[in-house]
$ cat work_38.cif   # mmCIF, C-alpha atoms
data_structure
loop_
_atom_site.group_PDB
_atom_site.id
_atom_site.type_symbol
_atom_site.label_atom_id
_atom_site.label_comp_id
_atom_site.auth_asym_id
_atom_site.auth_seq_id
_atom_site.Cartn_x
_atom_site.Cartn_y
_atom_site.Cartn_z
ATOM 1 C CA MET A 223 53.281 195.502 63.361
ATOM 2 C CA ARG A 224 53.076 193.853 59.999
ATOM 3 C CA LEU A 225 55.181 190.908 61.297
ATOM 4 C CA THR A 226 53.315 190.519 64.579
ATOM 5 C CA MET A 227 50.017 189.374 63.133
ATOM 6 C CA PRO A 228 51.480 186.596 60.927
ATOM 7 C CA LEU A 229 53.615 185.374 63.836
ATOM 8 C CA LEU A 230 50.618 185.341 66.149
ATOM 9 C CA ALA A 231 48.597 183.404 63.609
ATOM 10 C CA LEU A 232 51.430 180.924 63.148
ATOM 11 C CA LEU A 233 51.730 180.465 66.907
ATOM 12 C CA VAL A 234 48.016 179.779 67.248
ATOM 13 C CA ALA A 235 48.199 177.257 64.412
ATOM 14 C CA LEU A 236 51.107 175.503 66.064
ATOM 15 C CA VAL A 237 49.228 175.308 69.354
ATOM 16 C CA ILE A 238 46.195 173.822 67.610
ATOM 17 C CA VAL A 239 48.327 171.296 65.752
ATOM 18 C CA ALA A 240 50.184 170.372 68.974
ATOM 19 C CA SER A 241 46.895 169.834 70.817
ATOM 20 C CA GLN A 242 45.745 167.561 68.006
ATOM 21 C CA ALA A 243 48.986 165.565 68.233
ATOM 22 C CA VAL A 244 48.594 164.666 71.930
ATOM 23 C CA TYR A 245 45.983 162.421 73.539
ATOM 24 C CA THR A 246 45.580 160.876 77.019
ATOM 25 C CA VAL A 247 44.366 157.452 78.050
ATOM 26 C CA GLU A 248 42.581 157.090 81.404
ATOM 27 C CA GLN A 249 42.801 154.040 83.674
ATOM 28 C CA THR A 250 39.190 153.087 82.890
ATOM 29 C CA ARG A 251 39.619 153.034 79.113
ATOM 30 C CA TYR A 252 41.484 151.430 76.223
ATOM 31 C CA ALA A 253 42.632 153.418 73.198
ATOM 32 C CA ILE A 254 43.156 152.225 69.612
ATOM 33 C CA LYS A 255 45.164 154.408 67.228
ATOM 34 C CA PHE A 256 44.220 154.311 63.562
ATOM 35 C CA GLN A 257 46.011 155.561 60.489
ATOM 36 C CA LEU A 258 43.875 155.899 57.419
ATOM 37 C CA GLY A 259 41.397 153.404 58.919
ATOM 38 C CA GLU A 260 43.947 150.743 59.868
ATOM 39 C CA ILE A 261 44.936 149.834 63.410
ATOM 40 C CA ILE A 262 48.549 150.834 64.079
ATOM 41 C CA GLY A 263 48.616 150.706 67.890
ATOM 42 C CA VAL A 264 46.739 149.841 71.064
ATOM 43 C CA ASN A 265 47.177 151.707 74.357
ATOM 44 C CA ASP A 266 46.035 149.642 77.370
ATOM 45 C CA THR A 267 47.854 151.621 80.096
ATOM 46 C CA ALA A 268 47.049 155.083 81.328
ATOM 47 C CA GLY A 269 49.284 157.914 80.148
ATOM 48 C CA LEU A 270 50.055 160.618 77.574
ATOM 49 C CA TYR A 271 50.513 159.588 73.949
ATOM 50 C CA PHE A 272 51.192 161.239 70.584
ATOM 51 C CA LYS A 273 49.685 160.960 67.117
ATOM 52 C CA VAL A 274 49.985 162.601 63.748
ATOM 53 C CA PRO A 275 47.192 165.132 63.311
ATOM 54 C CA LEU A 276 44.788 164.699 60.416
ATOM 55 C CA VAL A 277 46.435 161.398 59.487
ATOM 56 C CA GLN A 278 45.925 159.403 62.668
ATOM 57 C CA ASN A 279 42.868 159.219 64.927
ATOM 58 C CA VAL A 280 42.047 157.498 68.255
ATOM 59 C CA ARG A 281 38.993 155.619 69.534
ATOM 60 C CA TYR A 282 38.343 154.837 73.205
ATOM 61 C CA PHE A 283 36.697 151.773 74.741
ATOM 62 C CA ASP A 284 35.558 151.174 78.328
ATOM 63 C CA ARG A 285 37.596 148.568 80.200
ATOM 64 C CA ARG A 286 35.306 148.396 83.255
ATOM 65 C CA ASN A 287 32.691 145.712 83.887
ATOM 66 C CA LEU A 288 29.648 146.210 81.701
ATOM 67 C CA THR A 289 26.116 144.925 82.304
ATOM 68 C CA LEU A 290 23.938 142.916 79.954
ATOM 69 C CA GLU A 291 20.327 142.681 81.114
ATOM 70 C CA ASN A 292 17.895 140.313 79.459
ATOM 71 C CA SER A 293 15.211 142.388 77.818
ATOM 72 C CA ASP A 294 12.721 139.518 77.490
ATOM 73 C CA VAL A 295 11.977 136.626 79.835
ATOM 74 C CA ASP A 296 13.242 133.367 78.320
ATOM 75 C CA ARG A 297 11.222 130.155 78.455
ATOM 76 C CA VAL A 298 13.261 126.997 79.062
ATOM 77 C CA VAL A 299 12.370 123.353 79.735
ATOM 78 C CA THR A 300 13.765 121.134 82.501
ATOM 79 C CA SER A 301 14.681 117.451 82.207
ATOM 80 C CA GLU A 302 11.155 116.695 83.482
ATOM 81 C CA LYS A 303 9.691 118.648 80.543
ATOM 82 C CA THR A 304 8.517 121.366 82.910
ATOM 83 C CA PRO A 305 8.591 124.870 81.376
ATOM 84 C CA LEU A 306 10.202 127.686 83.362
ATOM 85 C CA GLU A 307 10.519 131.419 82.854
ATOM 86 C CA VAL A 308 14.093 132.658 83.319
ATOM 87 C CA ASP A 309 15.472 136.171 83.633
ATOM 88 C CA PHE A 310 19.241 136.747 83.883
ATOM 89 C CA VAL A 311 21.919 139.436 84.026
ATOM 90 C CA VAL A 312 25.501 139.189 82.709
ATOM 91 C CA LEU A 313 28.645 141.058 83.755
ATOM 92 C CA TRP A 314 31.246 141.307 80.982
ATOM 93 C CA ARG A 315 34.305 143.340 80.061
ATOM 94 C CA ILE A 316 36.704 143.863 77.178
ATOM 95 C CA VAL A 317 40.027 142.048 77.651
ATOM 96 C CA ASP A 318 41.462 142.191 74.090
ATOM 97 C CA VAL A 319 40.465 145.512 72.573
ATOM 98 C CA ARG A 320 42.096 144.785 69.192
ATOM 99 C CA GLN A 321 40.169 141.495 68.835
ATOM 100 C CA TYR A 322 37.045 143.234 70.085
ATOM 101 C CA TYR A 323 37.292 145.874 67.352
ATOM 102 C CA VAL A 324 38.065 143.362 64.622
ATOM 103 C CA ALA A 325 35.172 141.054 65.639
ATOM 104 C CA VAL A 326 32.365 143.579 66.182
ATOM 105 C CA GLN A 327 33.891 146.808 64.821
ATOM 106 C CA GLY A 328 33.866 148.172 68.352
ATOM 107 C CA ASN A 329 30.057 148.153 68.355
ATOM 108 C CA GLU A 330 28.870 147.538 71.904
ATOM 109 C CA ASP A 331 25.336 146.669 70.793
ATOM 110 C CA ALA A 332 26.706 143.976 68.481
ATOM 111 C CA ALA A 333 28.801 142.563 71.341
ATOM 112 C CA ARG A 334 25.745 142.518 73.632
ATOM 113 C CA ALA A 335 23.692 140.696 70.990
ATOM 114 C CA ARG A 336 26.446 138.074 70.605
ATOM 115 C CA LEU A 337 26.742 137.589 74.371
ATOM 116 C CA SER A 338 22.967 137.427 74.845
ATOM 117 C CA GLN A 339 22.673 134.723 72.207
ATOM 118 C CA THR A 340 25.411 132.503 73.667
ATOM 119 C CA VAL A 341 24.230 132.944 77.265
ATOM 120 C CA ARG A 342 20.645 132.057 76.338
ATOM 121 C CA SER A 343 21.637 128.923 74.445
ATOM 122 C CA ASN A 344 23.908 127.718 77.257
ATOM 123 C CA LEU A 345 21.282 128.450 79.918
ATOM 124 C CA ALA A 346 18.692 126.453 77.986
ATOM 125 C CA GLU A 347 21.168 123.576 77.690
ATOM 126 C CA GLU A 348 21.890 123.548 81.435
ATOM 127 C CA PHE A 349 18.209 123.714 82.369
ATOM 128 C CA ASN A 350 17.483 120.806 80.019
ATOM 129 C CA LYS A 351 19.888 118.682 82.092
ATOM 130 C CA SER A 352 18.376 119.674 85.473
ATOM 131 C CA THR A 353 15.204 118.831 87.335
ATOM 132 C CA MET A 354 12.822 121.559 88.442
ATOM 133 C CA HIS A 355 13.967 121.228 92.067
ATOM 134 C CA GLU A 356 17.608 121.606 91.009
ATOM 135 C CA ALA A 357 16.820 124.547 88.745
ATOM 136 C CA ILE A 358 14.968 126.420 91.468
ATOM 137 C CA SER A 359 17.024 125.453 94.498
ATOM 138 C CA THR A 360 19.905 123.005 94.829
ATOM 139 C CA GLY A 361 21.443 123.218 91.331
ATOM 140 C CA ARG A 362 21.081 126.936 90.722
ATOM 141 C CA ASP A 363 24.730 127.812 91.438
ATOM 142 C CA ARG A 364 25.936 124.994 89.198
ATOM 143 C CA ILE A 365 23.739 126.176 86.320
ATOM 144 C CA MET A 366 25.038 129.747 86.602
ATOM 145 C CA ASN A 367 28.668 128.644 86.822
ATOM 146 C CA GLU A 368 28.456 126.222 83.886
ATOM 147 C CA THR A 369 26.706 128.850 81.779
ATOM 148 C CA ARG A 370 29.380 131.428 82.611
ATOM 149 C CA VAL A 371 32.234 129.063 81.681
ATOM 150 C CA LYS A 372 30.703 128.071 78.326
ATOM 151 C CA ALA A 373 29.663 131.620 77.441
ATOM 152 C CA ASP A 374 33.139 132.896 78.334
ATOM 153 C CA GLN A 375 34.746 130.410 75.930
ATOM 154 C CA ASP A 376 32.673 131.822 73.068
ATOM 155 C CA ALA A 377 33.092 135.439 74.214
ATOM 156 C CA ARG A 378 36.902 135.163 73.978
ATOM 157 C CA ASN A 379 36.487 134.986 70.203
ATOM 158 C CA ILE A 380 35.393 138.628 70.236
ATOM 159 C CA GLY A 381 37.929 139.773 72.845
ATOM 160 C CA VAL A 382 35.434 139.780 75.723
ATOM 161 C CA GLU A 383 35.417 138.026 79.123
ATOM 162 C CA VAL A 384 32.173 136.936 80.809
ATOM 163 C CA VAL A 385 32.750 137.858 84.452
ATOM 164 C CA ASP A 386 29.522 136.500 85.914
ATOM 165 C CA VAL A 387 26.073 135.203 85.030
ATOM 166 C CA ARG A 388 23.264 135.632 87.575
ATOM 167 C CA LEU A 389 19.715 134.323 87.508
ATOM 168 C CA ARG A 390 17.407 137.053 88.705
ATOM 169 C CA ARG A 391 14.184 135.108 88.384
ATOM 170 C CA VAL A 392 13.252 131.464 87.844
ATOM 171 C CA ALA A 393 9.522 130.804 87.981
ATOM 172 C CA LEU A 394 6.779 128.665 86.559
ATOM 173 C CA PRO A 395 4.673 130.166 83.775
ATOM 174 C CA ALA A 396 1.181 131.199 84.752
ATOM 175 C CA ASP A 397 -0.414 128.535 82.544
ATOM 176 C CA VAL A 398 1.319 125.645 84.349
ATOM 177 C CA THR A 399 1.475 126.991 87.897
ATOM 178 C CA GLY A 400 -1.897 125.530 88.923
ATOM 179 C CA PRO A 401 -1.313 121.927 87.746
ATOM 180 C CA VAL A 402 2.237 121.886 89.100
ATOM 181 C CA TYR A 403 1.147 123.154 92.501
ATOM 182 C CA ALA A 404 -1.658 120.574 92.563
ATOM 183 C CA ARG A 405 0.816 117.796 91.751
ATOM 184 C CA MET A 406 3.218 119.061 94.406
ATOM 185 C CA GLU A 407 0.396 119.199 96.947
ATOM 186 C CA SER A 408 -0.637 115.644 96.070
ATOM 187 C CA GLU A 409 2.919 114.414 96.441
ATOM 188 C CA ARG A 410 3.351 116.169 99.788
ATOM 189 C CA ARG A 411 0.031 114.713 100.977
ATOM 190 C CA ARG A 412 1.170 111.216 99.992
ATOM 191 C CA VAL A 413 4.433 111.636 101.880
ATOM 192 C CA ALA A 414 2.544 113.013 104.893
ATOM 193 C CA ASN A 415 0.191 110.012 104.909
ATOM 194 C CA GLU A 416 3.146 107.632 104.744
ATOM 195 C CA LEU A 417 4.781 109.401 107.658
ATOM 196 C CA ARG A 418 1.531 109.311 109.633
ATOM 197 C CA SER A 419 1.182 105.561 108.971
ATOM 198 C CA LEU A 420 4.740 104.933 110.084
ATOM 199 C CA GLY A 421 4.140 107.091 113.155
ATOM 200 C CA ALA A 422 0.951 105.223 114.050
ATOM 201 C CA ALA A 423 2.682 101.845 113.683
ATOM 202 C CA GLU A 424 5.573 102.998 115.807
ATOM 203 C CA SER A 425 3.135 104.402 118.372
ATOM 204 C CA GLU A 426 1.310 101.048 118.624
ATOM 205 C CA LYS A 427 4.614 99.254 118.979
ATOM 206 C CA ILE A 428 5.705 101.579 121.787
ATOM 207 C CA ARG A 429 2.330 101.251 123.550
ATOM 208 C CA ALA A 430 2.421 97.443 123.340
ATOM 209 C CA ASP A 431 5.942 97.357 124.712
ATOM 210 C CA ALA A 432 4.970 99.786 127.488
ATOM 211 C CA ASP A 433 1.910 97.674 128.427
ATOM 212 C CA ARG A 434 4.032 94.537 128.518
ATOM 213 C CA GLN A 435 6.582 96.212 130.734
ATOM 214 C CA ARG A 436 3.760 97.535 132.931
ATOM 215 C CA GLN A 437 2.314 94.059 133.396
ATOM 216 C CA VAL A 438 5.743 92.649 134.209
ATOM 217 C CA ILE A 439 6.421 95.438 136.696
ATOM 218 C CA LEU A 440 3.000 95.057 138.350
ATOM 219 C CA ALA A 441 3.343 91.274 138.600
ATOM 220 C CA ASP A 442 6.811 91.589 140.073
ATOM 221 C CA ALA A 443 5.588 94.269 142.501
ATOM 222 C CA TYR A 444 2.611 92.098 143.539
ATOM 223 C CA ARG A 445 4.903 89.129 144.078
ATOM 224 C CA GLN A 446 7.257 91.221 146.155
ATOM 225 C CA ALA A 447 4.318 92.688 148.109
ATOM 226 C CA GLN A 448 2.853 89.269 148.859
ATOM 227 C CA LYS A 449 6.226 87.975 149.869
ATOM 228 C CA ILE A 450 6.770 90.928 152.209
ATOM 229 C CA LYS A 451 3.224 90.629 153.546
ATOM 230 C CA GLY A 452 3.684 86.917 154.233
ATOM 231 C CA GLU A 453 6.975 87.567 155.967
ATOM 232 C CA GLY A 454 5.279 90.317 158.002
ATOM 233 C CA ASP A 455 2.386 88.035 158.968
ATOM 234 C CA ALA A 456 4.837 85.320 159.986
ATOM 235 C CA LYS A 457 6.814 87.762 162.090
ATOM 236 C CA ALA A 458 3.596 89.124 163.626
ATOM 237 C CA ALA A 459 2.403 85.622 164.455
ATOM 238 C CA ALA A 460 5.779 84.838 165.965
ATOM 239 C CA ILE A 461 5.644 88.038 168.012
ATOM 240 C CA TYR A 462 2.075 87.232 169.157
ATOM 241 C CA ALA A 463 3.065 83.713 170.038
ATOM 242 C CA ALA A 464 6.121 84.936 171.951
ATOM 243 C CA ALA A 465 4.036 87.573 173.732
ATOM 244 C CA TYR A 466 1.143 85.337 174.778
ATOM 245 C CA SER A 467 2.838 82.009 175.293
ATOM 246 C CA PRO A 468 3.680 82.779 178.983
ATOM 247 C CA ASN A 469 -0.074 83.041 179.760
ATOM 248 C CA PRO A 470 -2.298 81.340 177.185
ATOM 249 C CA GLU A 471 -5.383 81.856 179.295
ATOM 250 C CA PHE A 472 -4.916 85.644 179.212
ATOM 251 C CA TYR A 473 -4.404 85.518 175.452
ATOM 252 C CA ALA A 474 -7.686 83.606 175.047
ATOM 253 C CA PHE A 475 -9.429 86.132 177.298
ATOM 254 C CA TYR A 476 -8.028 89.082 175.270
ATOM 255 C CA ARG A 477 -9.029 87.560 171.958
ATOM 256 C CA SER A 478 -12.550 86.985 173.278
ATOM 257 C CA LEU A 479 -12.845 90.617 174.344
ATOM 258 C CA GLU A 480 -11.750 91.719 170.850
ATOM 259 C CA ALA A 481 -14.363 89.415 169.351
ATOM 260 C CA TYR A 482 -17.061 90.809 171.688
ATOM 261 C CA LYS A 483 -16.109 94.362 170.712
ATOM 262 C CA ALA A 484 -16.359 93.598 167.002
ATOM 263 C CA THR A 485 -19.571 91.593 167.353
ATOM 264 C CA PHE A 486 -21.643 93.910 169.536
ATOM 265 C CA ARG A 487 -20.730 97.130 167.786
ATOM 266 C CA GLY A 488 -24.192 97.812 166.364
ATOM 267 C CA ARG A 489 -27.215 98.307 168.569
ATOM 268 C CA ASN A 490 -29.647 96.691 166.168
ATOM 269 C CA ASP A 491 -27.592 93.609 165.350
ATOM 270 C CA LEU A 492 -29.418 90.327 165.927
ATOM 271 C CA MET A 493 -27.537 87.071 166.583
ATOM 272 C CA VAL A 494 -29.015 83.608 167.246
ATOM 273 C CA LEU A 495 -26.474 81.681 169.347
ATOM 274 C CA ASP A 496 -26.517 79.026 172.024
ATOM 275 C CA PRO A 497 -25.811 80.812 175.329
ATOM 276 C CA SER A 498 -23.989 77.771 176.558
ATOM 277 C CA GLY A 499 -21.512 77.876 173.634
ATOM 278 C CA GLU A 500 -17.827 78.672 173.978
ATOM 279 C CA PHE A 501 -18.315 82.177 172.530
ATOM 280 C CA PHE A 502 -20.009 83.317 175.811
ATOM 281 C CA GLN A 503 -17.805 81.452 178.217
ATOM 282 C CA TYR A 504 -16.370 84.666 179.748
ATOM 283 C CA PHE A 505 -19.880 86.042 180.236
ATOM 284 C CA ARG A 506 -20.737 83.061 182.414
ATOM 285 C CA ASN A 507 -17.538 82.670 184.403
ATOM 286 C CA SER A 508 -14.697 85.105 185.056
ATOM 287 C CA ASN A 509 -12.073 82.405 184.667
ATOM 288 C CA GLY A 510 -13.594 81.236 181.394
ATOM 289 C CA ALA A 511 -14.410 77.746 182.575
ATOM 290 C CA ARG A 512 -17.272 76.013 180.807
ATOM 291 C CA ALA A 513 -20.370 75.984 182.998
ATOM 292 C CA PRO A 514 -22.055 72.580 183.447
ATOM 293 C CA ARG A 515 -25.239 72.082 181.522
ATOM 294 C CA PRO A 516 -28.319 72.073 183.741
ATOM 295 C CA VAL A 517 -29.758 68.648 184.471
ATOM 296 C CA ALA A 518 -33.403 68.240 183.643
ATOM 297 C CA PRO A 519 -35.550 67.197 186.669
ATOM 298 C CA ALA A 520 -36.778 63.624 186.809
ATOM 299 C CA LYS A 521 -40.346 63.041 185.957
#
$ encode --input "work_38.cif" --output "structure tokens"
Amino acid sequence: MRLTMPLLALLVALVIVASQAVYTVEQTRYAIKFQLGEIIGVNDTAGLYFKVPLVQNVRYFDRRNLTLENSDVDRVVTSEKTPLEVDFVVLWRIVDVRQYYVAVQGNEDAARARLSQTVRSNLAEEFNKSTMHEAISTGRDRIMNETRVKADQDARNIGVEVVDVRLRRVALPADVTGPVYARMESERRRVANELRSLGAAESEKIRADADRQRQVILADAYRQAQKIKGEGDAKAAAIYAAAYSPNPEFYAFYRSLEAYKATFRGRNDLMVLDPSGEFFQYFRNSNGARAPRPVAPAK
């Protein structure tokens, strides 16, 4: 009994010491092993590792992507001297944990401050080389990519990689929004007036060309119509001549009847004619012969 208690105490002490001599590294973390404050090893793969209790200690660092959000909206200036408010977010991760610890003592806040400073300076530089239209629309991807590349070059000095830089908001400050919008509206109005002028000139040109073509078409149609009409009249005259040439006297009689019909159509028409004229020859004689004029009696 007297030996059992010391052995049990020794066994418990050994278990405690053994637990202090073993440590595990997960896939999502790095581990740095220190001995009396100096780095003696880095574990960057998952597994089970050993250390000397009380003499050696281990610190862990996250190897996953970390987020840096801009706490304050930055104010930058474009190449046109137009101020813009910019808000961004940065994805970064530790790639060299030994360099990371040496540079910032493993302090994540210090690393974020360093990254924020370099990203802000590079963003301001890229916006200074871009117009407002490029900064807001067409050149946005280029600005983010160039900023990421330059910030990553500086971040390597502290063992960190800049994975991505994203612009969350690019907007005009409230104090310049009104004048800028007014200038944009004026510019758009000028362009619209130019387009309207060009459209009106083109419209007049099209109308003039259409009128010219219309006149040409109408003149050609009139010429064709007159030509066809003349040919028709000639054919009709030829047909009439062929039809009435066997009996000219009948043709003269028929034409006179048509003239009578057209002349005496109205009941109230008044005509002053010589009854002995040729117009009434078929009223006087059925064969149309001219009647002799009456001879005045001798005095």
$ closest_residue --input "work_38.cif" --among "A:Leu290, A:Ala459, A:Val244, A:Val308" --to "Phe272 (chain A)" --atoms "all atoms listed in the file"
A:Val244
$ residues_near_point --input "work_38.cif" --point "(28.9, 126.4, 86.3)" --cutoff "12 Å" --atoms "only C-alpha atoms" --output "list in words"
Asn344, Leu345, Glu347, Glu348, Phe349, Gly361, Arg362, Asp363, Arg364, Ile365, Met366, Asn367, Glu368, Thr369, Arg370, Val371, Lys372, Ala373, Asp374, Asp386, Val387 and Arg388 of chain A
$ resolve_selection --input "work_38.cif" --expression "the PyMOL selection byres ((chain A and resi 333-336) around 10)" --output "short mmCIF file (atom, residue, chain, number, x, y, z; two decimals) with C-alpha atoms, in the coordinates of the input"
data_model
loop_
_atom_site.label_atom_id
_atom_site.label_comp_id
_atom_site.auth_asym_id
_atom_site.auth_seq_id
_atom_site.Cartn_x
_atom_site.Cartn_y
_atom_site.Cartn_z
CA LEU A 288 29.65 146.21 81.70
CA THR A 289 26.12 144.93 82.30
CA LEU A 290 23.94 142.92 79.95
CA GLU A 291 20.33 142.68 81.11
CA VAL A 312 25.50 139.19 82.71
CA TRP A 314 31.25 141.31 80.98
CA ILE A 316 36.70 143.86 77.18
CA TYR A 322 37.04 143.23 70.08
CA TYR A 323 37.29 145.87 67.35
CA ALA A 325 35.17 141.05 65.64
CA VAL A 326 32.36 143.58 66.18
CA GLN A 327 33.89 146.81 64.82
CA GLY A 328 33.87 148.17 68.35
CA ASN A 329 30.06 148.15 68.36
CA GLU A 330 28.87 147.54 71.90
CA ASP A 331 25.34 146.67 70.79
CA ALA A 332 26.71 143.98 68.48
CA LEU A 337 26.74 137.59 74.37
CA SER A 338 22.97 137.43 74.84
CA GLN A 339 22.67 134.72 72.21
CA THR A 340 25.41 132.50 73.67
CA VAL A 341 24.23 132.94 77.26
CA ALA A 373 29.66 131.62 77.44
CA ASP A 376 32.67 131.82 73.07
CA ALA A 377 33.09 135.44 74.21
CA ILE A 380 35.39 138.63 70.24
CA GLY A 381 37.93 139.77 72.84
CA VAL A 382 35.43 139.78 75.72
#
$ axis_aligned_box --input "work_38.cif" --around "region 384-393 of chain A" --padding-each-side "4 Å" --output "AutoDock Vina command-line options"
--center_x 21.1 --center_y 134.3 --center_z 84.8 --size_x 31.2 --size_y 15.1 --size_z 15.9
$ closest_residue --input "work_38.cif" --among "A:Ala253, A:Glu383, A:Glu307, A:Ala243" --to "Gln278 (chain A)" --atoms "only C-alpha atoms"
A:Ala243
$ atom_distance --input "work_38.cif" --atom1 "CA of Arg320 (chain A)" --atom2 "CA of Asn279 (chain A)"
15.1 Å
$ closest_residue --input "work_38.cif" --among "A:Gln435, A:Ser241, A:Gln375, A:Ser419" --to "Val274 (chain A)" --atoms "all atoms listed in the file"
A:Ser241
$ resolve_selection --input "work_38.cif" --expression "the PyMOL selection byres ((chain A and resi 299) around 12)" --output "PyMOL selection string"
chain A and resi 296-298+300-308+345-354+357+392-395
$ closest_residue --input "work_38.cif" --among "A:Lys273, A:Arg405, A:Asn292, A:Glu453" --to "Lys255 (chain A)" --atoms "all atoms listed in the file"
A:Lys273
$ closest_residue --input "work_38.cif" --among "A:His355, A:Ala464, A:Thr226, A:Lys427" --to "Met406 (chain A)" --atoms "all atoms listed in the file"
A:His355
$ atom_distance --input "work_38.cif" --atom1 "CA of Phe256 (chain A)" --atom2 "CA of Val280 (chain A)"
6.1 Å
$ residues_around --input "work_38.cif" --residues "Gln257 (chain A)" --least-positions-apart "2" --cutoff "6 Å" --atoms "all atoms listed in the file" --output "list of chain:residue names"
A:Gly259, A:Glu260, A:Val277, A:Gln278
$ resolve_selection --input "work_38.cif" --expression "the PyMOL selection byres ((chain A and resi 252) around 7)" --output "list in words"
Val247, Arg251, Ala253, Ile254, Asn265, Asp266, Tyr282, Phe283, Asp284 and Arg285 of chain A
$ write_last_selection --input "work_38.cif" --atoms "C-alpha atoms" --output "short mmCIF file (atom, residue, chain, number, x, y, z; two decimals), keeping the file's coordinate frame"
data_model
loop_
_atom_site.label_atom_id
_atom_site.label_comp_id
_atom_site.auth_asym_id
_atom_site.auth_seq_id
_atom_site.Cartn_x
_atom_site.Cartn_y
_atom_site.Cartn_z
CA VAL A 247 44.37 157.45 78.05
CA ARG A 251 39.62 153.03 79.11
CA ALA A 253 42.63 153.42 73.20
CA ILE A 254 43.16 152.22 69.61
CA ASN A 265 47.18 151.71 74.36
CA ASP A 266 46.04 149.64 77.37
CA TYR A 282 38.34 154.84 73.20
CA PHE A 283 36.70 151.77 74.74
CA ASP A 284 35.56 151.17 78.33
CA ARG A 285 37.60 148.57 80.20
#
$ atom_distance --input "work_38.cif" --atom1 "CA of Ala268 (chain A)" --atom2 "CA of Val317 (chain A)"
15.3 Å
$ closest_residue --input "work_38.cif" --among "A:Ser359, A:Ala463, A:Arg315, A:Asp309" --to "Thr250 (chain A)" --atoms "all atoms listed in the file"
A:Arg315
